[in-house]
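As provided, start_18.cif (mmCIF, C-alpha atoms) reads as follows.
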```cif
data_final
#
loop_
_atom_site.label_atom_id
_atom_site.label_comp_id
_atom_site.auth_asym_id
_atom_site.auth_seq_id
_atom_site.Cartn_x
_atom_site.Cartn_y
_atom_site.Cartn_z
CA MET A 1 99.28 99.76 95.15
CA TRP A 2 97.79 100.61 98.56
CA LEU A 3 101.26 101.45 99.86
CA ILE A 4 102.01 103.69 96.88
CA ILE A 5 98.65 105.52 97.06
CA HIS A 6 99.09 106.20 100.77
CA GLU A 7 102.77 107.13 100.30
CA PHE A 8 104.06 104.34 102.50
CA LEU A 9 107.01 103.26 100.40
CA LEU A 10 110.35 104.17 101.94
CA CYS A 11 111.20 106.67 99.20
CA GLN A 12 107.81 108.37 99.65
CA LEU A 13 107.97 108.38 103.42
CA GLN A 14 111.60 109.64 103.49
CA PRO A 15 111.97 108.62 107.13
CA VAL A 16 114.02 110.70 109.53
CA PHE A 17 113.77 108.54 112.64
CA PHE A 18 112.83 105.05 113.75
CA THR A 19 111.10 103.56 116.75
CA ASN A 20 112.17 100.25 118.15
CA HIS A 21 109.83 97.44 119.27
CA LEU A 22 110.35 94.63 121.74
CA ASP A 23 110.96 92.18 118.93
CA PHE A 24 113.99 89.94 119.13
CA SER A 25 114.30 89.42 115.34
CA ARG A 26 114.00 93.16 114.70
CA ASN A 27 116.74 93.95 117.21
CA ILE A 28 119.10 91.35 115.77
CA LEU A 29 118.57 92.99 112.37
CA MET A 30 119.18 96.42 113.86
CA LEU A 31 122.69 95.34 114.84
CA THR A 32 123.53 95.62 111.13
CA ASN A 33 122.74 99.37 111.39
CA LEU A 34 120.59 99.16 108.26
CA GLN A 35 118.05 101.54 109.82
CA HIS A 36 120.58 104.40 109.95
CA ALA A 37 121.74 103.69 106.40
CA LEU A 38 118.16 103.78 105.11
CA ILE A 39 117.50 107.11 106.79
CA LYS A 40 120.76 108.56 105.49
CA TYR A 41 120.74 107.40 101.86
CA PRO A 42 117.64 108.09 99.68
CA SER A 43 119.14 105.92 96.93
CA LEU A 44 119.03 102.94 99.30
CA GLN A 45 115.35 103.68 100.02
CA VAL A 46 114.61 103.63 96.28
CA SER A 47 116.55 100.38 95.83
CA PHE A 48 114.62 98.75 98.68
CA ASP A 49 111.28 99.88 97.25
CA LEU A 50 112.19 98.62 93.79
CA LEU A 51 113.21 95.22 95.15
CA TYR A 52 110.05 95.05 97.26
CA ILE A 53 107.93 95.59 94.14
CA LEU A 54 110.02 93.62 91.63
CA LEU A 55 110.83 90.44 93.58
CA PRO A 56 107.23 89.14 93.68
CA ILE A 57 106.94 89.86 89.94
CA ILE A 58 110.16 87.92 89.24
CA LEU A 59 108.87 85.11 91.46
CA LEU A 60 105.56 85.04 89.59
CA ILE A 61 107.31 84.86 86.21
CA SER A 62 109.66 82.11 87.39
CA CYS A 63 106.67 80.11 88.69
CA ILE A 64 104.64 80.50 85.49
CA LYS A 65 107.60 79.64 83.27
CA ASN A 66 108.72 76.89 85.67
CA LEU A 67 112.25 78.27 85.81
CA LYS A 68 114.97 76.70 87.95
CA VAL A 69 115.56 80.02 89.71
CA GLN A 70 112.12 79.75 91.37
CA TYR A 71 113.56 78.24 94.57
CA PRO A 72 116.31 80.86 95.21
CA VAL A 73 114.02 83.73 94.13
CA ALA A 74 111.33 82.59 96.59
CA VAL A 75 113.82 82.32 99.45
CA VAL A 76 115.33 85.74 98.67
CA ASN A 77 111.83 87.21 98.37
CA ALA A 78 110.80 85.90 101.80
CA ILE A 79 114.01 87.12 103.46
CA PHE A 80 113.87 90.50 101.75
CA ASN A 81 110.20 91.01 102.67
CA PHE A 82 111.14 90.28 106.27
CA VAL A 83 113.93 92.89 106.19
CA TYR A 84 111.73 95.44 104.40
CA ALA A 85 108.82 94.91 106.81
CA MET A 86 111.12 95.31 109.80
CA GLN A 87 112.42 98.62 108.47
CA ILE A 88 109.18 100.18 107.22
CA THR A 89 107.29 99.30 110.40
CA SER A 90 110.03 100.95 112.49
CA MET A 91 109.72 104.14 110.49
CA SER A 92 105.97 104.45 109.88
CA THR A 93 102.60 103.83 111.50
CA LEU A 94 102.25 100.47 109.74
CA SER A 95 102.31 97.37 111.91
CA ILE A 96 104.36 94.24 111.34
CA GLU A 97 101.32 91.95 111.67
CA GLY A 98 100.05 93.10 108.28
CA TYR A 99 103.30 92.13 106.59
CA ILE A 100 103.40 88.56 107.94
CA SER A 101 101.62 87.25 104.84
CA TRP A 102 104.23 88.77 102.51
CA ILE A 103 107.02 87.23 104.55
CA LEU A 104 105.54 83.72 104.60
CA ILE A 105 103.71 83.26 101.30
CA PRO A 106 106.89 83.25 99.11
CA LEU A 107 108.07 80.22 101.14
CA ILE A 108 105.33 78.13 99.52
CA PHE A 109 107.17 78.58 96.22
CA ALA A 110 110.55 77.80 97.73
CA THR A 111 109.96 74.17 96.87
CA THR A 112 111.34 71.84 94.24
CA SER A 113 108.60 69.20 94.13
CA GLU A 114 104.82 69.05 94.17
CA ARG A 115 104.86 67.24 97.51
CA ALA A 116 107.06 69.92 99.10
CA PHE A 117 104.66 72.54 97.72
CA TYR A 118 101.73 70.63 99.26
CA TYR A 119 103.39 70.56 102.69
CA MET A 120 104.48 74.21 102.63
CA LEU A 121 101.00 75.30 101.54
CA HIS A 122 99.46 73.37 104.43
CA LEU A 123 101.97 74.72 106.94
CA ILE A 124 101.12 78.32 105.97
CA ARG A 125 97.42 77.42 106.11
CA TYR A 126 97.86 76.17 109.69
CA PHE A 127 99.81 79.31 110.55
CA PHE A 128 96.97 81.52 109.25
CA ILE A 129 94.48 79.57 111.34
CA LEU A 130 96.80 79.88 114.35
CA ILE A 131 96.78 83.68 113.98
CA PHE A 132 92.99 83.79 114.29
CA VAL A 133 92.74 81.28 117.10
CA SER A 134 95.45 83.01 119.15
CA ALA A 135 93.78 86.40 118.53
CA ALA A 136 90.59 84.95 120.06
CA LEU A 137 92.46 83.46 123.01
CA TRP A 138 94.16 86.82 123.68
CA LYS A 139 90.73 88.41 124.10
CA PHE A 140 90.04 85.98 126.94
CA ARG A 141 93.48 86.29 128.47
CA ALA A 142 93.62 90.11 128.46
CA GLY A 143 90.00 90.29 129.59
CA GLY A 144 88.53 92.29 126.73
CA ILE A 145 85.79 89.74 126.11
CA PHE A 146 84.53 90.06 129.70
CA ASN A 147 84.13 93.83 129.45
CA THR A 148 80.76 95.00 128.09
CA GLU A 149 82.17 98.47 127.33
CA GLN A 150 85.00 96.97 125.25
CA MET A 151 83.85 97.70 121.70
CA ALA A 152 82.47 101.15 122.55
CA GLY A 153 85.77 102.04 124.27
CA ILE A 154 87.83 100.76 121.33
CA LEU A 155 85.76 102.70 118.79
CA LEU A 156 86.14 105.94 120.72
CA LYS A 157 89.89 105.45 121.00
CA GLN A 158 90.25 104.50 117.35
CA HIS A 159 88.25 107.45 116.03
CA THR A 160 89.02 110.18 118.57
CA GLY A 161 90.36 112.61 115.96
CA TYR A 162 87.49 111.97 113.57
CA LEU A 163 84.79 112.37 116.23
CA TRP A 164 86.41 115.51 117.62
CA SER A 165 86.72 117.03 114.16
CA ASN A 166 83.23 116.34 112.87
CA PRO A 167 80.90 114.84 115.49
CA ASP A 168 77.76 115.09 113.35
CA ASP A 169 78.57 113.39 110.04
CA TRP A 170 77.20 109.93 109.24
CA PHE A 171 80.26 107.98 110.39
CA SER A 172 80.54 109.93 113.66
CA ARG A 173 76.84 109.33 114.27
CA CYS A 174 77.44 105.58 113.82
CA ILE A 175 80.27 105.65 116.35
CA ARG A 176 78.20 107.72 118.75
CA PHE A 177 75.37 105.21 118.39
CA PHE A 178 77.71 102.34 119.32
CA ALA A 179 79.10 104.39 122.24
CA ALA A 180 75.55 105.05 123.45
CA HIS A 181 74.72 101.31 123.23
CA PRO A 182 77.84 99.63 124.65
CA VAL A 183 76.21 96.22 125.16
CA LEU A 184 75.07 96.11 121.54
CA SER A 185 78.63 97.07 120.49
CA TRP A 186 80.00 94.37 122.76
CA PHE A 187 77.94 91.79 120.84
CA ILE A 188 79.89 92.76 117.71
CA TYR A 189 83.12 92.19 119.65
CA LEU A 190 81.75 88.86 120.87
CA ALA A 191 80.78 87.88 117.33
CA ALA A 192 84.28 88.75 116.12
CA THR A 193 85.82 86.65 118.91
CA ILE A 194 83.56 83.68 118.16
CA THR A 195 84.44 84.01 114.46
CA GLU A 196 88.16 83.99 115.29
CA LEU A 197 87.68 81.03 117.61
CA PHE A 198 85.71 79.15 114.94
CA PHE A 199 88.90 78.99 112.87
CA ILE A 200 89.99 76.23 115.27
CA VAL A 201 87.98 73.75 113.14
CA GLY A 202 90.63 74.29 110.47
CA PHE A 203 93.11 72.36 112.64
CA PHE A 204 90.97 69.24 112.43
CA THR A 205 89.29 69.34 109.04
CA LYS A 206 89.52 71.10 105.68
CA LYS A 207 85.78 70.63 105.16
CA TYR A 208 84.94 74.16 106.32
CA ASP A 209 87.75 76.01 104.53
CA ARG A 210 85.36 77.77 102.13
CA LEU A 211 83.32 78.94 105.10
CA LEU A 212 86.54 80.21 106.72
CA ILE A 213 87.27 82.21 103.56
CA VAL A 214 83.79 83.80 103.75
CA LEU A 215 84.24 84.53 107.46
CA PHE A 216 87.63 86.08 106.78
CA ILE A 217 86.16 88.37 104.08
CA ILE A 218 83.40 89.46 106.49
CA PHE A 219 86.06 90.07 109.16
CA LEU A 220 88.12 92.08 106.65
CA LEU A 221 85.19 94.25 105.58
CA THR A 222 83.88 94.81 109.13
CA ASN A 223 87.35 95.83 110.28
CA PHE A 224 87.70 98.21 107.38
CA PHE A 225 84.31 99.80 107.95
CA MET A 226 84.28 100.03 111.74
CA MET A 227 87.95 100.34 112.62
CA ARG A 228 89.36 101.72 109.37
CA ILE A 229 92.05 99.05 109.58
CA ASN A 230 93.11 97.48 106.34
CA TYR A 231 93.89 93.75 106.55
CA ILE A 232 93.90 93.31 102.77
CA PHE A 233 97.52 92.07 102.97
CA TRP A 234 96.17 88.94 104.66
CA PHE A 235 93.80 88.17 101.81
CA ILE A 236 96.56 86.22 100.08
CA PHE A 237 96.38 83.68 102.94
CA THR A 238 92.94 82.62 101.69
CA GLY A 239 94.73 81.01 98.74
CA CYS A 240 96.09 78.44 101.22
CA LEU A 241 92.55 77.64 102.40
CA TRP A 242 91.31 77.39 98.82
CA PHE A 243 94.05 75.14 97.43
CA ALA A 244 94.39 72.93 100.52
CA ARG A 245 91.40 70.87 99.28
CA TYR A 246 93.59 69.11 96.71
CA ALA A 247 94.97 65.72 97.74
CA GLU A 248 98.63 65.16 98.48
CA PRO A 249 100.56 64.40 95.27
CA VAL A 250 102.03 60.93 95.42
CA SER A 251 105.78 60.60 95.18
CA TYR A 252 107.38 59.21 92.03
CA ALA A 253 108.51 56.05 93.85
CA ARG A 254 105.03 55.45 95.30
CA ALA A 255 103.38 56.06 91.93
CA ARG A 256 105.77 53.60 90.27
CA LEU A 257 105.11 50.98 92.94
CA THR A 258 101.34 51.37 92.53
CA ASN A 259 101.80 51.04 88.77
CA ILE A 260 103.81 47.82 89.09
CA LYS A 261 101.28 46.34 91.54
CA THR A 262 98.44 47.20 89.15
CA LYS A 263 100.28 45.52 86.28
CA GLN A 264 101.01 42.42 88.42
CA GLY A 265 97.38 42.33 89.54
CA MET B 266 97.09 63.81 111.31
CA PHE B 267 99.09 66.40 109.37
CA LEU B 268 102.07 66.52 111.79
CA LYS B 269 102.44 62.72 111.57
CA LYS B 270 102.40 62.92 107.77
CA LEU B 271 104.91 65.75 107.88
CA TYR B 272 107.20 63.69 110.12
CA GLN B 273 107.11 60.85 107.61
CA TYR B 274 107.71 63.21 104.71
CA ASN B 275 110.56 65.33 106.10
CA LYS B 276 111.93 64.97 109.64
CA ILE B 277 113.98 68.19 109.52
CA LEU B 278 110.97 70.25 108.46
CA PHE B 279 108.93 68.54 111.16
CA PHE B 280 111.41 69.58 113.86
CA VAL B 281 111.58 73.15 112.49
CA VAL B 282 107.78 73.33 112.78
CA LEU B 283 107.93 71.88 116.28
CA VAL B 284 110.51 74.50 117.38
CA PHE B 285 108.40 77.25 115.78
CA LEU B 286 105.26 76.07 117.58
CA THR B 287 107.08 75.84 120.90
CA GLY B 288 108.42 79.36 120.39
CA TYR B 289 104.94 80.61 119.46
CA ILE B 290 103.36 79.16 122.58
CA TYR B 291 106.23 80.28 124.84
CA LEU B 292 106.36 83.91 123.59
CA ASN B 293 102.58 84.24 123.75
CA TYR B 294 102.54 82.76 127.25
CA LYS B 295 105.35 85.08 128.42
CA TRP B 296 103.45 88.16 127.15
CA GLY B 297 105.93 90.82 126.12
CA MET B 298 108.66 90.12 123.64
CA THR B 299 107.99 88.84 120.14
CA ALA B 300 110.31 87.37 117.50
CA THR B 301 108.92 87.96 114.02
CA PRO B 302 107.35 85.93 112.39
CA ILE B 303 106.09 84.98 115.84
CA GLN B 304 103.75 87.75 116.96
CA GLN B 305 101.21 88.28 119.68
CA TYR B 306 97.87 88.91 118.00
CA GLY B 307 96.42 90.60 121.05
CA MET B 308 95.40 93.84 119.37
CA PHE B 309 92.31 95.34 121.05
CA SER B 310 92.21 92.54 123.62
CA GLY B 311 93.16 94.71 126.62
CA LYS B 312 90.22 96.26 128.44
CA ALA B 313 88.88 99.56 127.05
CA PHE B 314 86.25 101.69 128.77
CA LEU B 315 83.99 104.58 127.79
CA LYS B 316 85.54 106.74 130.52
CA ASP B 317 89.14 106.09 129.43
CA THR B 318 91.28 109.18 129.05
CA LEU B 319 91.96 109.71 125.36
CA GLN B 320 94.79 111.66 123.81
CA LEU B 321 94.35 113.89 120.78
CA TYR B 322 96.83 115.88 118.72
CA ILE B 323 95.28 119.03 117.26
CA VAL B 324 97.15 120.61 114.37
CA LYS B 325 96.40 124.12 113.14
CA ALA B 326 98.04 124.91 109.81
CA ASN B 327 97.81 128.37 108.22
CA GLY B 328 95.36 129.42 110.94
CA LYS B 329 92.93 126.55 110.24
CA LYS B 330 92.45 123.38 112.24
CA ILE B 331 93.01 120.28 110.11
CA GLU B 332 89.62 118.58 109.95
CA GLU B 333 90.37 114.89 110.35
CA SER B 334 87.02 113.76 109.01
CA TYR B 335 88.02 115.03 105.55
CA ILE B 336 91.30 113.11 105.34
CA SER B 337 92.19 109.42 105.08
CA GLN B 338 92.93 107.15 108.05
CA THR B 339 96.61 107.01 107.05
CA GLU B 340 96.75 110.81 107.03
CA ARG B 341 95.05 110.88 110.42
CA ASP B 342 97.75 108.47 111.62
CA ILE B 343 100.41 110.93 110.45
CA ILE B 344 98.82 113.70 112.52
CA GLN B 345 98.09 111.57 115.58
CA SER B 346 100.92 109.04 115.71
CA PHE B 347 104.14 110.62 114.46
CA PRO B 348 104.35 113.42 117.09
CA ASP B 349 103.69 110.76 119.72
CA PHE B 350 106.36 108.42 118.29
CA TYR B 351 108.84 111.29 118.12
CA GLU B 352 108.12 112.45 121.65
CA LYS B 353 108.74 108.95 123.02
CA HIS B 354 111.43 107.56 120.71
CA THR B 355 114.48 108.31 122.88
CA GLN B 356 113.01 106.80 126.02
CA SER B 357 111.37 103.81 124.37
CA ASN B 358 114.40 102.94 122.19
CA ASN B 359 116.67 103.09 125.24
CA GLU B 360 114.32 100.99 127.34
CA ILE B 361 114.12 98.31 124.67
CA TYR B 362 117.88 98.27 124.22
CA ASN B 363 118.36 97.92 128.00
CA THR B 364 115.87 95.02 128.10
CA LEU B 365 117.55 93.24 125.21
CA SER B 366 121.10 93.95 126.37
CA VAL B 367 120.67 90.92 128.67
CA PHE B 368 120.61 88.75 125.53
CA PHE B 369 123.25 90.81 123.74
CA ASN B 370 125.58 90.36 126.74
CA TYR B 371 125.58 86.61 126.20
CA ALA B 372 126.90 87.11 122.68
CA GLY B 373 129.26 89.93 123.66
CA LEU B 374 127.24 92.37 121.57
CA SER B 375 126.23 94.78 124.31
CA THR B 376 128.87 97.40 123.57
CA GLU B 377 128.75 101.21 123.37
CA LYS B 378 129.45 100.91 119.65
CA ASN B 379 126.29 98.87 119.26
CA ARG B 380 124.16 101.07 121.53
CA TYR B 381 124.34 104.00 119.12
CA LYS B 382 122.73 101.82 116.43
CA PHE B 383 119.54 101.76 118.48
CA VAL B 384 119.43 105.55 118.99
CA ASN B 385 118.28 108.19 116.51
CA ASN B 386 120.51 111.06 115.43
CA ILE B 387 117.74 113.57 114.95
CA THR B 388 117.10 117.09 116.20
CA ASP B 389 113.72 118.74 116.84
CA SER B 390 114.34 121.00 113.87
CA GLN B 391 114.89 118.02 111.52
CA PHE B 392 111.72 116.35 112.71
CA ASN B 393 109.78 119.60 112.38
CA LYS B 394 110.95 120.08 108.80
CA TRP B 395 109.90 116.53 107.90
CA TYR B 396 106.54 116.81 109.70
CA LEU B 397 105.74 120.12 107.99
CA ASN B 398 106.45 118.46 104.67
CA LYS B 399 103.96 115.69 105.53
CA ILE B 400 101.31 118.19 106.65
CA GLU B 401 101.78 120.17 103.42
CA GLY B 402 101.07 116.93 101.56
CA ILE B 403 97.83 116.53 103.50
CA ILE B 404 96.48 120.08 103.23
CA LYS B 405 97.92 120.53 99.70
CA GLU B 406 99.23 124.04 100.31
CA PRO B 407 102.50 125.52 101.60
CA ILE B 408 102.63 126.07 105.33
CA VAL B 409 103.01 129.64 106.54
CA SER B 410 102.12 128.99 110.16
CA ILE B 411 101.57 125.82 112.18
CA GLU B 412 100.78 125.00 115.78
CA ALA B 413 100.21 121.63 117.40
CA TYR B 414 98.61 120.83 120.73
CA LYS B 415 98.08 117.73 122.77
CA GLN B 416 94.70 117.56 124.43
CA GLN B 417 93.30 114.99 126.83
CA LEU B 418 89.64 114.05 126.57
CA THR B 419 87.06 111.73 127.99
CA TRP B 420 83.65 110.61 126.70
CA GLU B 421 80.66 111.88 128.63
CA SER B 422 77.00 111.65 127.63
CA ASP B 423 77.39 111.53 123.85
CA SER B 424 80.28 113.99 123.50
CA PHE B 425 83.87 114.60 124.53
CA ARG B 426 84.72 116.45 127.71
CA VAL B 427 88.05 118.27 127.68
CA ILE B 428 90.42 117.44 130.53
CA GLY B 429 92.76 120.30 131.42
CA LYS B 430 94.28 122.78 129.01
CA PRO B 431 95.82 121.82 125.66
CA ALA B 432 99.61 121.42 125.88
CA LYS B 433 101.54 123.09 123.05
CA ILE B 434 103.96 120.78 121.25
CA SER B 435 107.29 122.53 121.44
CA PHE B 436 108.95 120.66 118.57
CA ILE B 437 106.36 121.59 115.93
CA GLY B 438 106.16 125.11 114.52
CA ALA B 439 106.71 127.19 111.39
CA GLU B 440 110.36 128.00 110.83
#
```

Please lay out the structure from this file as structure tokens.
Amino acid sequence: MWLIIHEFLLCQLQPVFFTNHLDFSRNILMLTNLQHALIKYPSLQVSFDLLYILLPIILLISCIKNLKVQYPVAVVNAIFNFVYAMQITSMSTLSIEGYISWILIPLIFATTSERAFYYMLHLIRYFFILIFVSAALWKFRAGGIFNTEQMAGILLKQHTGYLWSNPDDWFSRCIRFFAAHPVLSWFIYLAATITELFFIVGFFTKKYDRLLIVLFIIFLLTNFFMMRINYIFWFIFTGCLWFARYAEPVSYARARLTNIKTKQG
Amino acid sequence: MFLKKLYQYNKILFFVVLVFLTGYIYLNYKWGMTATPIQQYGMFSGKAFLKDTLQLYIVKANGKKIEESYISQTERDIIQSFPDFYEKHTQSNNEIYNTLSVFFNYAGLSTEKNRYKFVNNITDSQFNKWYLNKIEGIIKEPIVSIEAYKQQLTWESDSFRVIGKPAKISFIGAE
């Protein structure tokens, strides 16, 4: 819905050019010349948009109805989301990071048993945690965390056009306040880094997963308010944190063995 | 430990995860290239300062400056990012192709036929037409006249200080 409202579907954007990124997967895909075909043929743009919207719906129906096509639909959905994300992020201002959730989440449903589902869900959960931990580590590596002007500098860069256009409205006054108090702003940056780093506990225990969900929602809202960046696409990852509390389903063979032992006992 | 359990459950999946993790660590350590789904989540980690030189695109449509505080962030991105992307696309696309041609060479894919796939076939006039269409969508009225400028700024005691004169964008204008 967010993409449709902001006219970020391919058929709404009607792209006329693309920009490449130093991404190996993207460049392999570009060898197919799909990017030129999408720019040239509006009907292909519409087909891509329709598939992008319909595939998750088909996947949802096949999961609810427990259909045999669930596995192939999930695989196709993940692959197609990857292709779509590669194309739309080459042709718009959207970034690939936001689409990662839509590429990976369908893989959880590309399973044929409860145990496989359990392992895929946990793998995606670990991946989500890895995103946050590596984001924190990058702030140390690139030096942002050691710079007390960091947050003030970021805010000015992020909202240059807004501040220039209307320097006296309430939001501009907020940004100007943070620019005038760089150390205070830096504490927000520090808090965000500590929050990201805190996700590391998720590697060792699932005990704090609910807290991680709360922290993620705070992170999401703060980013939206201060940076005007929408990470709502990542919200679906919280499902992995929520459902990871359930124990591993035992295999049929193990369950049978336990049953026999109980009977013998 | 989860990895141990995973190894016992499915050895192939375990090795896929191991390769993925190795790739994640390697690409993040190398700092540069990514390979989706492996990304570098280093957004806003590079140092930013109050005195940094900032770049601003100013668009005047039908004699009025588009006030960015009255439009959405995505619309602001259209004004600020697309002219910048367009201005740089030829150079950046070529640079990326040249960097990756090392890998393409190994597979015999670095040919002239493939190079054109990484280059846009677009003229300034085509971009202008498309951009005007987008601006019309933002201001909700047909464009009679349009001018765009690139201005450099810096932050100084609670306001912006203009650096130099605004540079007119040659590829944006009313047809």

*chain B contacts to chain A at 6 Å (all atoms listed in the file) as a PyMOL selection string*: chain B and resi 298-301+306-307+310-315+332-334+354+358+382+385

_Interatomic distance, atom CA of A:Val46 to atom CA of B:Arg341 (Å, one decimal)_ = 25.2 Å

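As for atom CA of B:Asp349 and atom CA of B:Ala432, they are spaced 13.0 Å apart.
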
*Which distance in Å separates atom CA of A:Phe237 and atom CA of A:Ile124, to one decimal?*
7.8 Å

*Fewer than 3 positions away in the same chain doesn't count, so skip those; otherwise give me all residues within 12 Å of B:Ser366, counting only C-alpha atoms, as a PyMOL selection string.*
(chain A and resi 22+24+27-28+31) or (chain B and resi 358-363+369-377+379-380+383)
